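Okay, so here's the structure we're looking at.
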Amino acid sequence: MISWLEGTLREKRPDSVVVDVHGVGYELLISLSTFGELPDVGKTVAIYAKTVVREDALLLYGFASAREREIFELLLKANRVGPKLALAILSGIDPEAVVGGLRDGDVKLLCSAPGVGKKMAERMVVELKEKAAELGSSVSAGAGMPPRTAPTTDEDAETRDQALSALINLSYSKAQAERVVDASAEELGVGVSIEELIRNALRRLAR
């Protein structure tokens, strides 16, 4: 069981990273919240991990904090919420807001996450309300995010491509993803970060 990794960040994408630990590359699936906390490629990174064993694969999920991993594990306790959906929820909604939404029964908030309909959100509240209350709330939304820098035109194009890939991996169609990413990029302008672009796109999809 792998619960922690520290090494060199070799690759990073909005939905996954590769960490080199003494010459061995570990791929971890991540949320947008964790992506926003990552250092530049080539830097040392320390990341919390959750090992999920399936019949056909052994998967690693990575988190910037033990707190986010704890919220991920909370979501897995809900009926019909698997690792992929739990990660999608943490990408579409700030992790601390997820805890508050479950505790307060905010079905509308939970429905704003990709893959979560009204019935599922209501079931999650019923099943996780007490556990969410016990977990409590600590970190404010957006805390610890790196400052935004102004990339070049080429970097803007790469950011758009990464955003499209992330939304498609969250089970949105290519047409949907292109529509909201282009609208978000136009609204946010030059120099937008990948995390800001995807979160804006997710808000548009939730309308």
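So you can find residues: chains in the structure tokens are A, B, ... in the order shown, residues in each start at 1, and ligands are numbered from 1 in order.
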
_Residue neighbourhood Asp20 (chain A), 10 Å, only C-alpha atoms, exclusion window fewer than 6 positions, as a PyMOL selection string_ = chain A and resi 5-11+26-27+42+44-45

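Minimum atom-to-atom distance to Ala157 (chain A), evaluated using only C-alpha atoms, belongs to A:Asp182 out of A:Glu134, A:Asp182, A:Glu55, A:Asp40.
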
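Note that CA of Arg80 (chain A) and CA of Lys129 (chain A) are 16.1 Å apart.
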
*asked:* Can you pull out the residues contacting Ile47 (chain A)? Cut-off 10 Å, using only C-alpha atoms, and skip same-chain residues under 5 positions away; I want them as an NGL selection string.
replied: :A and (3-7 or 19 or 28 or 34 or 38 or 61-66)

*Do a neighbour search on Glu122 (chain A) at 12 Å with only C-alpha atoms, toss out local chain neighbours closer than 6 positions, and write the hits as a ChimeraX atom specification.*
/A:78-79,101-111,116,128-129

Could you write out, as a CSV table (one decimal) with N, CA, C and O atoms, in the first residue's frame, all the residues of region 72-135 of chain A that DSSP marks as helix (DSSP H, G or I)?
```
chain,number,residue,atom,x,y,z
A,72,PHE,N,-11.6,12.6,-0.2
A,72,PHE,CA,-11.7,11.6,-1.3
A,72,PHE,C,-12.2,10.3,-0.7
A,72,PHE,O,-13.1,9.6,-1.2
A,73,GLU,N,-11.6,9.9,0.4
A,73,GLU,CA,-12.0,8.6,1.1
A,73,GLU,C,-13.4,8.7,1.6
A,73,GLU,O,-14.1,7.7,1.6
A,74,LEU,N,-13.8,9.9,2.0
A,74,LEU,CA,-15.2,10.1,2.5
A,74,LEU,C,-16.1,9.8,1.4
A,74,LEU,O,-17.1,9.1,1.5
A,75,LEU,N,-15.8,10.4,0.2
A,75,LEU,CA,-16.7,10.3,-1.0
A,75,LEU,C,-16.9,8.8,-1.4
A,75,LEU,O,-17.9,8.4,-1.8
A,83,PRO,N,-13.7,5.8,-7.4
A,83,PRO,CA,-12.6,6.7,-7.4
A,83,PRO,C,-12.6,7.8,-8.5
A,83,PRO,O,-12.3,8.9,-8.3
A,84,LYS,N,-13.1,7.3,-9.7
A,84,LYS,CA,-13.1,8.3,-10.9
A,84,LYS,C,-14.1,9.4,-10.6
A,84,LYS,O,-13.8,10.6,-10.8
A,85,LEU,N,-15.3,9.0,-10.1
A,85,LEU,CA,-16.3,10.1,-9.8
A,85,LEU,C,-15.9,10.9,-8.6
A,85,LEU,O,-16.1,12.1,-8.7
A,86,ALA,N,-15.3,10.3,-7.6
A,86,ALA,CA,-14.8,11.1,-6.5
A,86,ALA,C,-13.8,12.1,-6.9
A,86,ALA,O,-13.8,13.3,-6.4
A,87,LEU,N,-12.9,11.8,-7.8
A,87,LEU,CA,-11.9,12.7,-8.3
A,87,LEU,C,-12.5,13.8,-9.1
A,87,LEU,O,-12.1,15.0,-9.0
A,88,ALA,N,-13.5,13.4,-9.9
A,88,ALA,CA,-14.3,14.4,-10.7
A,88,ALA,C,-15.0,15.4,-9.8
A,88,ALA,O,-15.0,16.6,-10.1
A,89,ILE,N,-15.5,15.0,-8.7
A,89,ILE,CA,-16.2,15.9,-7.8
A,89,ILE,C,-15.2,16.9,-7.2
A,89,ILE,O,-15.5,18.1,-7.1
A,90,LEU,N,-14.0,16.4,-6.8
A,90,LEU,CA,-13.0,17.2,-6.2
A,90,LEU,C,-12.4,18.2,-7.3
A,90,LEU,O,-11.7,19.1,-6.9
A,91,SER,N,-12.6,17.8,-8.5
A,91,SER,CA,-12.1,18.7,-9.6
A,91,SER,C,-13.1,19.8,-9.9
A,91,SER,O,-12.7,20.9,-10.2
A,92,GLY,N,-14.4,19.5,-9.8
A,92,GLY,CA,-15.4,20.4,-10.1
A,92,GLY,C,-15.8,21.3,-8.9
A,92,GLY,O,-16.4,22.4,-9.1
A,95,PRO,N,-12.5,21.1,-2.5
A,95,PRO,CA,-12.7,20.0,-1.5
A,95,PRO,C,-13.4,20.4,-0.2
A,95,PRO,O,-14.3,19.7,0.3
A,96,GLU,N,-13.1,21.6,0.3
A,96,GLU,CA,-13.7,22.0,1.5
A,96,GLU,C,-15.2,22.3,1.3
A,96,GLU,O,-16.1,22.1,2.2
A,97,ALA,N,-15.5,22.8,0.1
A,97,ALA,CA,-16.9,23.1,-0.2
A,97,ALA,C,-17.7,21.8,-0.3
A,97,ALA,O,-18.9,21.7,0.0
A,98,VAL,N,-17.0,20.7,-0.8
A,98,VAL,CA,-17.7,19.4,-0.8
A,98,VAL,C,-18.1,18.9,0.6
A,98,VAL,O,-19.2,18.5,0.8
A,99,VAL,N,-17.2,19.1,1.5
A,99,VAL,CA,-17.5,18.7,2.9
A,99,VAL,C,-18.7,19.5,3.4
A,99,VAL,O,-19.7,19.0,4.0
A,100,GLY,N,-18.7,20.9,3.2
A,100,GLY,CA,-19.8,21.7,3.6
A,100,GLY,C,-21.1,21.4,2.9
A,100,GLY,O,-22.1,21.4,3.6
A,101,GLY,N,-21.0,21.0,1.6
A,101,GLY,CA,-22.2,20.7,0.9
A,101,GLY,C,-22.9,19.4,1.4
A,101,GLY,O,-24.1,19.3,1.5
A,102,LEU,N,-22.1,18.4,1.8
A,102,LEU,CA,-22.6,17.2,2.3
A,102,LEU,C,-23.2,17.4,3.7
A,102,LEU,O,-24.2,16.9,4.0
A,103,ARG,N,-22.5,18.2,4.5
A,103,ARG,CA,-22.9,18.4,5.9
A,103,ARG,C,-24.2,19.2,5.9
A,103,ARG,O,-25.1,19.0,6.7
A,104,ASP,N,-24.3,20.2,5.0
A,104,ASP,CA,-25.5,21.1,5.0
A,104,ASP,C,-26.6,20.7,4.1
A,104,ASP,O,-27.6,21.4,4.0
A,107,VAL,N,-27.7,20.2,-2.1
A,107,VAL,CA,-27.8,19.3,-3.3
A,107,VAL,C,-27.4,20.0,-4.5
A,107,VAL,O,-26.8,19.5,-5.4
A,108,LYS,N,-27.8,21.3,-4.6
A,108,LYS,CA,-27.5,22.1,-5.8
A,108,LYS,C,-26.0,22.2,-6.0
A,108,LYS,O,-25.5,22.1,-7.2
A,109,LEU,N,-25.3,22.4,-5.0
A,109,LEU,CA,-23.8,22.5,-5.1
A,109,LEU,C,-23.2,21.2,-5.6
A,109,LEU,O,-22.4,21.2,-6.5
A,110,LEU,N,-23.7,20.1,-5.0
A,110,LEU,CA,-23.1,18.8,-5.4
A,110,LEU,C,-23.5,18.5,-6.8
A,110,LEU,O,-22.7,17.8,-7.5
A,111,CYS,N,-24.6,18.9,-7.3
A,111,CYS,CA,-25.0,18.6,-8.6
A,111,CYS,C,-24.2,19.4,-9.6
A,111,CYS,O,-24.2,19.1,-10.9
A,118,LYS,N,-29.3,14.9,-9.5
A,118,LYS,CA,-30.0,15.2,-8.3
A,118,LYS,C,-30.2,14.0,-7.4
A,118,LYS,O,-29.9,14.1,-6.2
A,119,LYS,N,-30.6,12.9,-7.9
A,119,LYS,CA,-30.8,11.7,-7.1
A,119,LYS,C,-29.5,11.2,-6.4
A,119,LYS,O,-29.5,10.9,-5.2
A,120,MET,N,-28.4,11.3,-7.2
A,120,MET,CA,-27.1,10.9,-6.6
A,120,MET,C,-26.7,11.8,-5.5
A,120,MET,O,-26.2,11.4,-4.4
A,121,ALA,N,-26.9,13.1,-5.7
A,121,ALA,CA,-26.5,14.1,-4.7
A,121,ALA,C,-27.3,14.0,-3.5
A,121,ALA,O,-26.8,14.0,-2.3
A,122,GLU,N,-28.6,13.7,-3.6
A,122,GLU,CA,-29.5,13.5,-2.4
A,122,GLU,C,-29.1,12.2,-1.7
A,122,GLU,O,-29.0,12.2,-0.4
A,123,ARG,N,-28.7,11.2,-2.4
A,123,ARG,CA,-28.3,10.0,-1.7
A,123,ARG,C,-26.9,10.2,-1.0
A,123,ARG,O,-26.7,9.7,0.1
A,124,MET,N,-26.0,10.9,-1.6
A,124,MET,CA,-24.8,11.2,-1.0
A,124,MET,C,-25.0,12.0,0.3
A,124,MET,O,-24.3,11.7,1.3
A,125,VAL,N,-25.9,12.9,0.3
A,125,VAL,CA,-26.2,13.7,1.5
A,125,VAL,C,-26.7,12.8,2.6
A,125,VAL,O,-26.2,12.9,3.8
A,126,VAL,N,-27.6,11.9,2.3
A,126,VAL,CA,-28.2,11.0,3.3
A,126,VAL,C,-27.1,10.1,3.9
A,126,VAL,O,-27.0,9.9,5.1
A,127,GLU,N,-26.3,9.6,3.0
A,127,GLU,CA,-25.3,8.6,3.4
A,127,GLU,C,-24.0,9.2,4.1
A,127,GLU,O,-23.4,8.6,4.9
A,128,LEU,N,-23.7,10.5,3.7
A,128,LEU,CA,-22.4,11.0,4.2
A,128,LEU,C,-22.6,12.3,5.1
A,128,LEU,O,-21.6,12.8,5.6
A,129,LYS,N,-23.8,12.7,5.4
A,129,LYS,CA,-24.1,13.9,6.1
A,129,LYS,C,-23.4,13.9,7.5
A,129,LYS,O,-22.6,14.8,7.9
A,130,GLU,N,-23.6,12.8,8.2
A,130,GLU,CA,-23.0,12.7,9.6
A,130,GLU,C,-21.5,12.6,9.6
A,130,GLU,O,-20.8,13.2,10.4
A,131,LYS,N,-21.0,11.8,8.6
A,131,LYS,CA,-19.6,11.7,8.5
A,131,LYS,C,-18.9,13.0,8.1
A,131,LYS,O,-17.8,13.3,8.6
A,132,ALA,N,-19.6,13.7,7.2
A,132,ALA,CA,-19.0,15.1,6.8
A,132,ALA,C,-19.0,16.0,8.0
A,132,ALA,O,-18.1,16.8,8.2
A,133,ALA,N,-20.0,16.0,8.8
A,133,ALA,CA,-20.1,16.8,10.0
A,133,ALA,C,-18.9,16.5,11.0
A,133,ALA,O,-18.3,17.3,11.6
A,134,GLU,N,-18.6,15.2,11.1
A,134,GLU,CA,-17.5,14.7,11.9
A,134,GLU,C,-16.2,15.2,11.4
A,134,GLU,O,-15.3,15.5,12.1
A,135,LEU,N,-16.1,15.2,10.0
A,135,LEU,CA,-14.9,15.6,9.4
A,135,LEU,C,-14.6,17.1,9.6
A,135,LEU,O,-13.5,17.5,9.7
```

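For the set A:Ala46, A:Leu167, A:Val41, A:Val181, the residue with the smallest atom-to-atom gap to Val21 (chain A) is A:Ala46, counting only C-alpha atoms.
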